[in-house]
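Text of work31.tsv (TSV, C-alpha atoms and all ligand atoms) as supplied:
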chain	number	residue	atom	x	y	z
A	1	MET	CA	51.19	45.39	29.20
A	2	THR	CA	53.14	48.35	27.87
A	3	LYS	CA	56.29	49.48	29.67
A	4	THR	CA	55.47	53.06	30.72
A	5	LEU	CA	58.48	55.33	30.18
A	6	HIS	CA	59.26	58.15	32.60
A	7	LEU	CA	60.43	61.14	30.54
A	8	SER	CA	62.43	64.06	31.92
A	9	PRO	CA	61.38	67.70	31.42
A	10	ASP	CA	64.12	68.51	28.90
A	11	ASP	CA	64.81	68.42	25.14
A	12	ASP	CA	65.34	64.67	25.22
A	13	GLY	CA	62.02	64.12	27.03
A	14	ILE	CA	60.16	66.33	24.55
A	15	THR	CA	61.76	64.59	21.54
A	16	ARG	CA	60.85	61.14	22.84
A	17	ALA	CA	57.33	62.24	23.77
A	18	THR	CA	56.82	63.67	20.28
A	19	LYS	CA	57.95	60.37	18.69
A	20	VAL	CA	55.46	58.44	20.81
A	21	LEU	CA	52.64	60.82	19.79
A	22	HIS	CA	53.53	60.59	16.09
A	23	ALA	CA	53.21	56.80	16.41
A	24	ASP	CA	49.56	57.28	17.53
A	25	ARG	CA	50.48	56.31	21.06
A	26	LEU	CA	49.91	58.04	24.42
A	27	VAL	CA	51.93	60.42	26.58
A	28	ALA	CA	50.73	61.86	29.88
A	29	PHE	CA	51.96	65.43	30.23
A	30	PRO	CA	51.70	68.19	32.85
A	31	THR	CA	49.39	71.17	32.50
A	32	GLU	CA	48.83	73.89	35.07
A	33	THR	CA	45.53	72.25	36.10
A	34	VAL	CA	46.11	68.47	36.20
A	35	TYR	CA	48.11	65.94	34.13
A	36	GLY	CA	46.52	65.18	30.75
A	37	LEU	CA	46.63	61.87	28.85
A	38	GLY	CA	47.61	63.10	25.40
A	39	GLY	CA	47.13	61.54	21.99
A	40	ASP	CA	46.93	62.90	18.43
A	41	ALA	CA	43.39	64.33	18.20
A	42	ARG	CA	43.37	63.65	14.42
A	43	SER	CA	44.03	59.94	14.82
A	44	ASP	CA	41.20	57.45	15.45
A	45	MET	CA	43.78	54.97	16.71
A	46	ALA	CA	45.33	57.36	19.23
A	47	VAL	CA	41.96	58.59	20.50
A	48	ALA	CA	40.61	55.05	20.80
A	49	ARG	CA	43.70	54.21	22.88
A	50	ILE	CA	42.87	57.09	25.27
A	51	PHE	CA	39.37	55.73	25.94
A	52	GLU	CA	40.82	52.23	26.31
A	53	ALA	CA	43.61	53.21	28.73
A	54	LYS	CA	41.25	55.17	30.99
A	55	GLY	CA	38.32	52.75	30.76
A	56	ARG	CA	36.32	55.83	29.76
A	57	PRO	CA	32.81	55.55	28.31
A	58	ARG	CA	32.90	56.45	24.60
A	59	PHE	CA	30.02	58.91	24.95
A	60	ASN	CA	32.15	61.21	27.14
A	61	PRO	CA	33.94	63.65	24.79
A	62	LEU	CA	37.53	64.87	25.21
A	63	ILE	CA	39.14	68.32	25.43
A	64	VAL	CA	41.49	69.23	22.58
A	65	HIS	CA	44.65	71.13	23.56
A	66	VAL	CA	46.30	73.64	21.25
A	67	ALA	CA	49.39	75.85	21.43
A	68	ASP	CA	47.49	79.12	20.88
A	69	ALA	CA	44.18	80.67	19.85
A	70	GLU	CA	45.35	80.80	16.22
A	71	GLN	CA	45.49	77.01	16.13
A	72	ALA	CA	42.09	76.76	17.84
A	73	ARG	CA	40.48	78.53	14.87
A	74	ASP	CA	41.35	75.54	12.64
A	75	PHE	CA	38.94	73.38	14.60
A	76	VAL	CA	36.06	75.54	15.85
A	77	VAL	CA	33.84	78.35	14.63
A	78	TRP	CA	35.50	81.26	16.41
A	79	SER	CA	33.45	84.20	17.70
A	80	ASP	CA	33.86	87.62	19.32
A	81	LEU	CA	33.05	86.14	22.72
A	82	ALA	CA	35.61	83.38	22.20
A	83	ASP	CA	38.13	86.05	21.29
A	84	ARG	CA	37.36	88.05	24.38
A	85	LEU	CA	37.65	85.09	26.77
A	86	ALA	CA	40.70	83.57	25.06
A	87	GLY	CA	42.30	87.03	25.02
A	88	ALA	CA	41.72	87.41	28.74
A	89	PHE	CA	42.49	83.88	29.96
A	90	TRP	CA	44.58	81.87	27.45
A	91	PRO	CA	46.89	80.27	28.00
A	92	GLY	CA	45.07	79.19	31.15
A	93	ALA	CA	42.55	77.07	33.03
A	94	LEU	CA	39.60	77.84	30.73
A	95	THR	CA	38.06	75.42	28.23
A	96	LEU	CA	35.71	76.83	25.60
A	97	VAL	CA	32.99	74.74	23.96
A	98	LEU	CA	32.33	76.01	20.44
A	99	PRO	CA	30.72	74.65	17.26
A	100	LEU	CA	33.01	72.32	15.28
A	101	ARG	CA	34.31	73.87	12.10
A	102	ALA	CA	33.76	72.13	8.75
A	103	GLY	CA	36.89	70.28	7.61
A	104	HIS	CA	38.32	70.23	11.15
A	105	GLY	CA	40.12	66.96	10.50
A	106	LEU	CA	39.72	65.65	14.06
A	107	SER	CA	38.80	62.08	14.87
A	108	PRO	CA	35.01	61.86	15.41
A	109	LEU	CA	35.78	59.88	18.58
A	110	VAL	CA	37.10	63.07	20.23
A	111	THR	CA	33.70	64.78	20.32
A	112	ALA	CA	31.66	61.60	20.78
A	113	GLU	CA	29.84	62.76	17.62
A	114	LEU	CA	28.68	66.03	19.21
A	115	PRO	CA	28.53	69.09	16.89
A	116	THR	CA	30.67	71.03	19.40
A	117	LEU	CA	34.29	70.82	20.54
A	118	ALA	CA	35.85	71.57	23.93
A	119	ILE	CA	39.18	73.30	23.36
A	120	ARG	CA	41.85	74.92	25.51
A	121	CYS	CA	45.35	76.34	25.46
A	122	PRO	CA	47.19	75.20	28.63
A	123	ALA	CA	49.52	77.50	30.59
A	124	HIS	CA	52.42	75.17	31.34
A	125	PRO	CA	55.82	75.61	29.70
A	126	LEU	CA	56.24	71.85	29.09
A	127	ALA	CA	52.74	71.48	27.65
A	128	GLU	CA	53.42	74.38	25.32
A	129	ARG	CA	56.79	72.95	24.25
A	130	LEU	CA	55.20	69.58	23.62
A	131	LEU	CA	52.33	71.06	21.58
A	132	ARG	CA	54.74	73.12	19.47
A	133	ALA	CA	57.18	70.22	18.96
A	134	PHE	CA	54.33	67.87	18.04
A	135	GLY	CA	52.82	70.50	15.76
A	136	GLY	CA	49.19	69.38	16.07
A	137	PRO	CA	46.20	69.19	18.39
A	138	LEU	CA	46.33	66.86	21.40
A	139	ALA	CA	43.21	65.24	22.79
A	140	ALA	CA	43.79	64.99	26.53
A	141	PRO	CA	41.44	64.01	29.33
A	142	SER	CA	42.81	63.99	32.86
A	143	ALA	CA	45.40	61.17	33.12
A	144	ASN	CA	43.53	58.97	35.63
A	145	PRO	CA	41.48	55.80	35.28
A	146	SER	CA	37.90	56.88	34.57
A	147	GLY	CA	36.02	57.86	37.73
A	148	ARG	CA	39.10	58.16	39.94
A	149	ILE	CA	40.90	61.18	41.40
A	150	SER	CA	42.68	63.39	38.85
A	151	PRO	CA	46.51	63.33	38.93
A	152	THR	CA	48.51	66.39	39.96
A	153	THR	CA	51.95	64.70	39.92
A	154	ALA	CA	53.71	62.27	37.56
A	155	ALA	CA	53.67	59.72	40.42
A	156	HIS	CA	49.85	59.86	40.54
A	157	VAL	CA	49.79	59.10	36.79
A	158	HIS	CA	52.11	56.11	37.21
A	159	ASP	CA	49.98	54.84	40.11
A	160	GLY	CA	46.82	54.89	38.01
A	161	LEU	CA	47.94	54.08	34.49
A	162	ASP	CA	51.31	52.27	34.52
A	163	GLY	CA	51.34	49.50	31.94
A	164	ARG	CA	48.41	51.09	30.07
A	165	ILE	CA	50.15	54.12	28.51
A	166	ASP	CA	53.47	54.65	26.76
A	167	ALA	CA	55.05	57.50	28.66
A	168	VAL	CA	54.74	60.13	31.37
A	169	LEU	CA	56.46	63.49	30.91
A	170	ASP	CA	57.40	64.60	34.43
A	171	GLY	CA	56.83	68.30	35.06
A	172	GLY	CA	56.49	68.15	38.84
A	173	ALA	CA	53.33	69.17	40.71
A	174	CYS	CA	50.53	71.06	38.93
A	175	ALA	CA	50.20	74.64	40.20
A	176	VAL	CA	46.39	74.99	40.00
A	177	GLY	CA	45.40	71.45	40.97
A	178	LEU	CA	41.80	71.51	39.68
A	179	GLU	CA	40.64	70.84	36.11
A	180	SER	CA	39.85	73.77	33.83
A	181	THR	CA	36.61	75.71	34.04
A	182	ILE	CA	34.41	74.80	31.04
A	183	VAL	CA	32.27	77.49	29.41
A	184	GLY	CA	29.81	76.74	26.59
A	185	LEU	CA	29.76	79.48	23.96
A	186	SER	CA	27.58	77.87	21.28
A	187	ASP	CA	24.71	79.96	22.59
A	188	THR	CA	24.37	82.23	25.65
A	189	PRO	CA	27.56	81.68	27.70
A	190	VAL	CA	27.01	78.90	30.22
A	191	LEU	CA	29.18	77.46	32.98
A	192	LEU	CA	29.41	73.73	32.16
A	193	ARG	CA	31.97	72.82	34.84
A	194	PRO	CA	33.38	74.97	37.65
A	195	GLY	CA	37.18	74.68	37.70
A	196	GLY	CA	40.56	76.28	38.16
A	197	LEU	CA	39.47	79.67	36.85
A	198	PRO	CA	36.79	81.18	39.15
A	199	ALA	CA	33.48	81.88	37.39
A	200	GLU	CA	33.51	85.37	38.89
A	201	ALA	CA	36.61	86.26	36.84
A	202	ILE	CA	34.94	85.08	33.63
A	203	GLU	CA	31.79	87.04	34.42
A	204	ALA	CA	33.88	90.15	35.02
A	205	ALA	CA	35.52	89.72	31.59
A	206	LEU	CA	32.13	89.12	29.92
A	207	GLY	CA	30.45	91.93	31.81
A	208	ALA	CA	27.49	89.56	32.27
A	209	PRO	CA	26.57	86.59	34.45
A	210	LEU	CA	27.14	83.07	33.12
A	211	LEU	CA	24.12	80.83	32.89
A	212	ARG	CA	24.37	78.03	35.45
A	213	ARG	CA	23.29	74.65	34.29
A	214	SER	CA	20.59	73.16	36.50
A	215	ALA	CA	21.60	70.05	38.43
A	216	GLU	CA	19.09	68.12	36.33
A	217	ALA	CA	20.65	69.17	33.03
A	218	ALA	CA	24.09	68.47	34.43
A	219	LEU	CA	23.10	64.85	34.95
A	220	THR	CA	22.13	64.33	31.33
A	221	ALA	CA	25.15	66.18	29.86
A	222	PRO	CA	28.11	64.12	28.71
A	223	GLY	CA	30.76	63.46	31.28
A	224	GLN	CA	29.11	65.05	34.24
A	225	MET	CA	28.63	61.78	36.07
A	226	VAL	CA	27.67	62.34	39.67
A	227	SER	CA	30.11	59.85	41.13
A	228	HIS	CA	33.49	60.98	39.89
A	229	TYR	CA	36.86	61.85	41.37
A	230	ALA	CA	36.29	58.96	43.73
A	231	PRO	CA	38.97	57.73	46.11
A	232	GLY	CA	38.67	54.13	47.31
A	233	ALA	CA	37.51	55.29	50.76
A	234	ARG	CA	34.05	56.75	51.42
A	235	VAL	CA	34.04	60.52	51.60
A	236	ARG	CA	31.92	62.48	54.12
A	237	LEU	CA	31.51	66.24	53.70
A	238	GLU	CA	30.93	69.17	56.07
A	239	ALA	CA	32.41	67.07	58.86
A	240	THR	CA	32.55	68.68	62.28
A	241	HIS	CA	33.98	65.63	64.05
A	242	VAL	CA	35.72	62.37	63.11
A	243	MET	CA	34.06	58.96	63.34
A	244	PRO	CA	35.97	55.77	64.27
A	245	GLY	CA	38.46	54.77	61.56
A	246	GLU	CA	38.06	58.00	59.61
A	247	VAL	CA	40.83	60.40	58.69
A	248	LEU	CA	40.11	64.14	58.64
A	249	LEU	CA	40.95	66.46	55.75
A	250	GLY	CA	40.97	69.93	57.26
A	251	PHE	CA	40.67	73.51	56.09
A	252	GLY	CA	41.76	76.49	58.18
A	253	PRO	CA	43.39	76.32	61.62
A	254	MET	CA	42.29	72.98	63.15
A	255	ALA	CA	43.56	69.60	64.30
A	256	CYS	CA	43.40	67.11	61.38
A	257	ASP	CA	45.34	64.43	59.49
A	258	LEU	CA	46.11	66.67	56.50
A	259	ASN	CA	45.14	70.30	55.96
A	260	LEU	CA	44.15	71.72	52.55
A	261	SER	CA	45.23	75.16	53.77
A	262	ARG	CA	45.93	76.02	57.39
A	263	ALA	CA	45.72	79.70	56.41
A	264	GLY	CA	42.26	79.13	54.88
A	265	ASP	CA	43.55	80.06	51.40
A	266	LEU	CA	41.40	78.60	48.56
A	267	THR	CA	44.17	78.74	45.94
A	268	GLU	CA	46.42	76.68	48.20
A	269	ALA	CA	43.51	74.34	48.99
A	270	ALA	CA	42.82	73.77	45.26
A	271	ALA	CA	46.47	72.94	44.60
A	272	ASN	CA	46.48	70.45	47.50
A	273	LEU	CA	43.03	68.87	47.01
A	274	PHE	CA	43.71	65.86	44.76
A	275	GLY	CA	47.18	65.20	46.21
A	276	HIS	CA	45.82	65.12	49.76
A	277	LEU	CA	42.95	62.84	48.72
A	278	HIS	CA	45.48	60.48	47.08
A	279	THR	CA	47.64	60.52	50.23
A	280	LEU	CA	44.79	59.92	52.68
A	281	ASP	CA	43.26	57.23	50.46
A	282	ALA	CA	46.60	55.37	50.39
A	283	ARG	CA	46.23	54.88	54.17
A	284	ALA	CA	43.10	52.80	53.41
A	285	PRO	CA	40.97	54.47	56.11
A	286	ALA	CA	37.35	53.55	56.88
A	287	GLY	CA	36.45	56.94	55.45
A	288	ILE	CA	37.69	60.42	54.66
A	289	ALA	CA	35.91	63.19	56.57
A	290	VAL	CA	36.26	66.65	55.03
A	291	ALA	CA	35.87	69.92	56.96
A	292	PRO	CA	33.53	72.62	55.55
A	293	ILE	CA	35.05	74.74	52.77
A	294	PRO	CA	33.70	78.14	51.59
A	295	THR	CA	31.87	78.10	48.26
A	296	THR	CA	33.12	81.39	46.76
A	297	GLY	CA	35.83	81.73	44.08
A	298	LEU	CA	37.81	78.49	43.69
A	299	GLY	CA	35.73	77.08	46.55
A	300	ALA	CA	32.94	76.39	44.03
A	301	ALA	CA	35.10	73.96	42.06
A	302	ILE	CA	36.62	72.43	45.22
A	303	ASN	CA	33.13	71.71	46.61
A	304	ASP	CA	31.98	70.39	43.20
A	305	ARG	CA	34.83	67.84	43.12
A	306	LEU	CA	34.27	66.87	46.76
A	307	ALA	CA	30.53	66.39	46.20
A	308	ARG	CA	31.33	64.02	43.32
A	309	ALA	CA	33.91	62.19	45.44
A	310	ALA	CA	31.25	61.74	48.12
A	311	ALA	CA	28.40	60.69	45.78
A	312	PRO	CA	26.94	57.18	45.99
A	313	ARG	CA	28.68	54.72	43.67
A	314	ASP	CA	27.76	51.63	41.71
A	315	THR	CA	30.82	49.69	42.74
B	1	LIG	O1	42.05	70.94	33.08
B	1	LIG	C1	41.51	70.16	32.31
B	1	LIG	O2	40.47	70.45	31.69
B	1	LIG	C2	42.17	68.80	32.10
B	1	LIG	C3	43.55	69.03	31.49
B	1	LIG	C4	44.26	67.77	31.11
B	1	LIG	O3	43.41	69.90	30.38
B	1	LIG	N1	41.37	67.93	31.28
B	1	LIG	C5	40.19	67.40	31.72
B	1	LIG	O4	39.62	66.53	30.80
B	1	LIG	O5	39.72	67.64	32.79
B	1	LIG	P1	38.45	65.50	31.22
B	1	LIG	O6	38.28	64.63	30.03
B	1	LIG	O7	38.78	64.82	32.47
B	1	LIG	O8	37.20	66.39	31.34
B	1	LIG	C6	36.64	66.96	30.19
B	1	LIG	C7	35.22	67.35	30.41
B	1	LIG	C8	34.30	66.15	30.51
B	1	LIG	O9	33.41	66.36	31.58
B	1	LIG	C9	33.56	66.19	29.16
B	1	LIG	O10	32.28	65.64	29.25
B	1	LIG	C10	33.52	67.66	28.87
B	1	LIG	O11	34.78	68.11	29.28
B	1	LIG	N2	33.37	67.93	27.44
B	1	LIG	C11	34.21	67.59	26.44
B	1	LIG	N3	33.72	67.96	25.24
B	1	LIG	C12	32.54	68.58	25.49
B	1	LIG	C13	31.55	69.20	24.68
B	1	LIG	N4	31.67	69.25	23.35
B	1	LIG	N5	30.46	69.73	25.29
B	1	LIG	C14	30.33	69.68	26.63
B	1	LIG	N6	31.24	69.11	27.46
B	1	LIG	C15	32.32	68.55	26.90
B	2	MG	MG	38.73	63.85	34.24
As structure tokens - that is how I would like this structure written.
Ligand code: TXA
Ligand code: MG
Amino acid sequence: MTKTLHLSPDDDGITRATKVLHADRLVAFPTETVYGLGGDARSDMAVARIFEAKGRPRFNPLIVHVADAEQARDFVVWSDLADRLAGAFWPGALTLVLPLRAGHGLSPLVTAELPTLAIRCPAHPLAERLLRAFGGPLAAPSANPSGRISPTTAAHVHDGLDGRIDAVLDGGACAVGLESTIVGLSDTPVLLRPGGLPAEAIEAALGAPLLRRSAEAALTAPGQMVSHYAPGARVRLEATHVMPGEVLLGFGPMACDLNLSRAGDLTEAAANLFGHLHTLDARAPAGIAVAPIPTTGLGAAINDRLARAAAPRDT
């Protein structure tokens, strides 16, 4: 067991976090989407520790975080399209998948031996300070045990990973609340994961529709396990009534246990989604019933995460 330090969002916290990272050890840090579990992306030891701490299958590659697009060019083969999307949305909730560049210097564990790399520049002042102070790329999956709900507060990280990681840098609640949108740019631009940046905004910047991966392809792609983001309780979607023992997660004006957004606002619902699932799950209900949620804009990613939370599980 490691004693997990709680670091404050100030110079002292950043200095201590940087020391931990330079020792090839792990720091969870806030981004605008969810908390990431960061380790030096160039270090086999640090990256191996990430997989170990999360209980994550080794074939599921990690996102590398950089301070700016300039730094990204050290690791991937940059392109005009990458430039256009990074110019429009970085720093922000967009991850680009691009071909790895020769001499990238990253641990091969990061990409699970794929010829491509997922890379993003997060829009959170503490993440940016940490990346600049550390001075290198940080591999960072969401800071939750593999298969569980992603963390949007430092307390969620402690709940899931205390004793398994070295430190948590506390930056309060994440503003977006959903993981980044992932776009593959190795070939024709393709939406690999809906997320905190609506696909419509990316399509507007591209001036063309994104390819959508078929559900079948999604199943064979790394990391897109069907059962994911799972709370302990069973999750039931499109609920119009509550069954005995269930709690109701609402949307819009309605009677319920917790409401994602009483005003029916998808941005507010995204920010509340994982936190409300954590809270309801902690009550150990027979099940969590979820009211219908629109599928446009951020609703696509919200419904994607809920569908995974509701999927049949092995355990
Ligand atoms: O918002 C986010 O993206 C957060 C914060 C911490 O940045 N990170 C995050 O990481 O959600 P993670 O590991 O939970 O999800 C990364 C996803 C996985 O589904 C993985 O399979 C996919 O990215 N991925 C990573 N590298 C890839 C690649 N080369 N090609 C396709 N998918 C990739
Ligand atoms: Mg994750």
Quick check, in Å to one decimal: how far apart do CA of Ala167 in chain A and CA of His124 in chain A lie?
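Going from CA of Ala167 in chain A over to CA of His124 in chain A, I get 18.1 Å.
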Counting all atoms listed in the file, name the residues that have an atom within 12 Å of an atom of ligand MG 2 (chain B); the answer should be given as a PDB file with C-alpha atoms, in the coordinates of the input.
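Everything below was put into part.pdb:
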ATOM      1  CA  THR A  33      45.530  72.250  36.100  1.00  0.00           C
ATOM      2  CA  VAL A  34      46.110  68.470  36.200  1.00  0.00           C
ATOM      3  CA  TYR A  35      48.110  65.940  34.130  1.00  0.00           C
ATOM      4  CA  GLY A  36      46.520  65.180  30.750  1.00  0.00           C
ATOM      5  CA  LEU A  37      46.630  61.870  28.850  1.00  0.00           C
ATOM      6  CA  ILE A  50      42.870  57.090  25.270  1.00  0.00           C
ATOM      7  CA  PHE A  51      39.370  55.730  25.940  1.00  0.00           C
ATOM      8  CA  LYS A  54      41.250  55.170  30.990  1.00  0.00           C
ATOM      9  CA  GLY A  55      38.320  52.750  30.760  1.00  0.00           C
ATOM     10  CA  ARG A  56      36.320  55.830  29.760  1.00  0.00           C
ATOM     11  CA  PRO A  57      32.810  55.550  28.310  1.00  0.00           C
ATOM     12  CA  ASN A  60      32.150  61.210  27.140  1.00  0.00           C
ATOM     13  CA  PRO A  61      33.940  63.650  24.790  1.00  0.00           C
ATOM     14  CA  LEU A  62      37.530  64.870  25.210  1.00  0.00           C
ATOM     15  CA  ILE A  63      39.140  68.320  25.430  1.00  0.00           C
ATOM     16  CA  ALA A 140      43.790  64.990  26.530  1.00  0.00           C
ATOM     17  CA  PRO A 141      41.440  64.010  29.330  1.00  0.00           C
ATOM     18  CA  SER A 142      42.810  63.990  32.860  1.00  0.00           C
ATOM     19  CA  ALA A 143      45.400  61.170  33.120  1.00  0.00           C
ATOM     20  CA  ASN A 144      43.530  58.970  35.630  1.00  0.00           C
ATOM     21  CA  PRO A 145      41.480  55.800  35.280  1.00  0.00           C
ATOM     22  CA  SER A 146      37.900  56.880  34.570  1.00  0.00           C
ATOM     23  CA  GLY A 147      36.020  57.860  37.730  1.00  0.00           C
ATOM     24  CA  ARG A 148      39.100  58.160  39.940  1.00  0.00           C
ATOM     25  CA  ILE A 149      40.900  61.180  41.400  1.00  0.00           C
ATOM     26  CA  SER A 150      42.680  63.390  38.850  1.00  0.00           C
ATOM     27  CA  PRO A 151      46.510  63.330  38.930  1.00  0.00           C
ATOM     28  CA  THR A 152      48.510  66.390  39.960  1.00  0.00           C
ATOM     29  CA  LEU A 178      41.800  71.510  39.680  1.00  0.00           C
ATOM     30  CA  GLU A 179      40.640  70.840  36.110  1.00  0.00           C
ATOM     31  CA  SER A 180      39.850  73.770  33.830  1.00  0.00           C
ATOM     32  CA  ARG A 193      31.970  72.820  34.840  1.00  0.00           C
ATOM     33  CA  GLY A 195      37.180  74.680  37.700  1.00  0.00           C
ATOM     34  CA  PRO A 222      28.110  64.120  28.710  1.00  0.00           C
ATOM     35  CA  GLY A 223      30.760  63.460  31.280  1.00  0.00           C
ATOM     36  CA  GLN A 224      29.110  65.050  34.240  1.00  0.00           C
ATOM     37  CA  MET A 225      28.630  61.780  36.070  1.00  0.00           C
ATOM     38  CA  SER A 227      30.110  59.850  41.130  1.00  0.00           C
ATOM     39  CA  HIS A 228      33.490  60.980  39.890  1.00  0.00           C
ATOM     40  CA  TYR A 229      36.860  61.850  41.370  1.00  0.00           C
ATOM     41  CA  ALA A 230      36.290  58.960  43.730  1.00  0.00           C
ATOM     42  CA  PHE A 274      43.710  65.860  44.760  1.00  0.00           C
ATOM     43  CA  ARG A 305      34.830  67.840  43.120  1.00  0.00           C
ATOM     44  CA  ARG A 308      31.330  64.020  43.320  1.00  0.00           C
TER      45      ARG A 308
END
Using only C-alpha atoms, what residues lie at most 12 Å away from (62.9, 60.1, 25.3) (file coordinates), given as a list in words?
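Those residues lying close to the given coordinates are Thr4, Leu5, His6, Leu7, Ser8, Pro9, Asp10, Asp11, Asp12, Gly13, Ile14, Thr15, Arg16, Ala17, Thr18, Lys19, Val20, Leu21, Val27, Asp166, Ala167, Val168, Leu169 and Asp170 of chain A.
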Report, as lines of an AutoDock Vina configuration file, the centre and edge lengths in Å (one decimal) of the axis-aligned box enclosing every listed atom of ligand LIG 1 (chain B), padded by 4 Å on each side.
center_x = 37.3
center_y = 67.8
center_z = 28.2
size_x = 21.9
size_y = 14.3
size_z = 17.7
Would you mind telling me which residue in A:Leu197, A:Ala72, A:Val157, A:Ala175 lies nearest to Gly92 in chain A when using all atoms listed in the file?
A:Leu197
